[in-house]
Amino acid sequence: MLPAKFRLKNKKDFNNVFQRGKTVSDEALVMKHKKTEGSMLQIGFSVGLKLSKKSSERNRVKRWMREAVRQLLGKIKTGRQIIFLINSKFPYEQINYELVRKKTEDLLMRAKLIK
């Protein structure tokens with residue numbers, strides 16, 4: 001589980017990252033990130049209804065994303081707000097933990113957010 005101090009929860013912060021953040025994406029995941037004033041790292045996750053109508057399936061994908069990020073916490077640069085999203089056009093049947101883990105690390109590397 002991702003520690004609470006790293007979670008991005010505030011709706012205002014989410015909207016700010018969505019509007020002003022830079023986007024990096026691939027066929028399965030989308031990452032939006034924004035530099036912040038402090039040295040805190042905050043990470044949020046979002047999975048829309050378009051991926052699946054079942055909340056259990058959306059929650060499973062969010063758990064996979066949180067676990068993938070938790071394993072990389074020591075490597076991610078601080079002073080950022082990051083949001084991970086699942087591309088709603090990607091078929092749910094093809095999503096698994098290994099895919100999410102690999103794509104998460106790839107997006108962080110492409111955005112040069114890994115130390």
# chains A, B, ... in the order shown; residues from 1 in each chain; ligands from 1
>>> select_by_dssp(residues="region 28-67 of chain A", states="strand (DSSP E)", output="number ranges by chain")
A: 29-35, 41-46
>>> residues_around(residues="Lys9 (chain A)", least_positions_apart="5", cutoff="9 Å", atoms="only C-alpha atoms", output="list of chain:residue names")
A:Phe14, A:Gln42, A:Ile43, A:Gly44
>>> select_by_dssp(residues="chain A", states="helix (DSSP H, G or I)", output="VMD selection string")
chain A and resid 4 to 6 11 to 20 55 to 72 92 to 94 97 to 110
>>> residues_around(residues="Lys112 (chain A)", least_positions_apart="3", cutoff="12 Å", atoms="only C-alpha atoms", output="VMD selection string")
chain A and resid 24 33 75 to 78 80 105 to 109 115
>>> atom_distance(atom1="CA of Gly74 (chain A)", atom2="CA of Val100 (chain A)")
18.2 Å
>>> atom_distance(atom1="CA of Lys22 (chain A)", atom2="CA of Pro91 (chain A)")
24.7 Å
>>> closest_residue(among="A:Ala4, A:Leu73, A:Met65, A:Ile114", to="Leu85 (chain A)", atoms="only C-alpha atoms")
A:Met65
>>> atom_distance(atom1="CA of Lys54 (chain A)", atom2="CA of Ile83 (chain A)")
21.6 Å
>>> closest_residue(among="A:Leu99, A:Val47, A:Ile86, A:Leu41", to="Phe6 (chain A)", atoms="only C-alpha atoms")
A:Leu41
>>> residues_around(residues="Gly21 (chain A)", least_positions_apart="3", cutoff="10 Å", atoms="only C-alpha atoms", output="list in words")
Phe14, Asn15, Asn16, Val17, Phe18, Val24, Met31, Lys32, His33, Lys34, Lys35, Gln81, Ile82 and Ile83 of chain A
>>> write_last_selection(atoms="C-alpha atoms", output="PDB file, in the first residue's frame")
ATOM      1  CA  PHE A  14      -5.903  16.987  -8.996  1.00  0.00           C
ATOM      2  CA  ASN A  15      -7.519  19.631 -11.224  1.00  0.00           C
ATOM      3  CA  ASN A  16      -4.359  21.767 -11.119  1.00  0.00           C
ATOM      4  CA  VAL A  17      -2.193  18.857 -12.315  1.00  0.00           C
ATOM      5  CA  PHE A  18      -4.752  17.970 -15.016  1.00  0.00           C
ATOM      6  CA  VAL A  24       3.414  11.419 -21.061  1.00  0.00           C
ATOM      7  CA  MET A  31       0.862  10.109 -16.694  1.00  0.00           C
ATOM      8  CA  LYS A  32       0.436  13.796 -15.910  1.00  0.00           C
ATOM      9  CA  HIS A  33       3.067  15.504 -13.790  1.00  0.00           C
ATOM     10  CA  LYS A  34       3.776  18.962 -12.471  1.00  0.00           C
ATOM     11  CA  LYS A  35       6.654  20.429 -10.493  1.00  0.00           C
ATOM     12  CA  GLN A  81       2.706  15.958  -8.238  1.00  0.00           C
ATOM     13  CA  ILE A  82       1.947  12.983 -10.478  1.00  0.00           C
ATOM     14  CA  ILE A  83      -1.313  11.436 -11.646  1.00  0.00           C
TER      15      ILE A  83
END
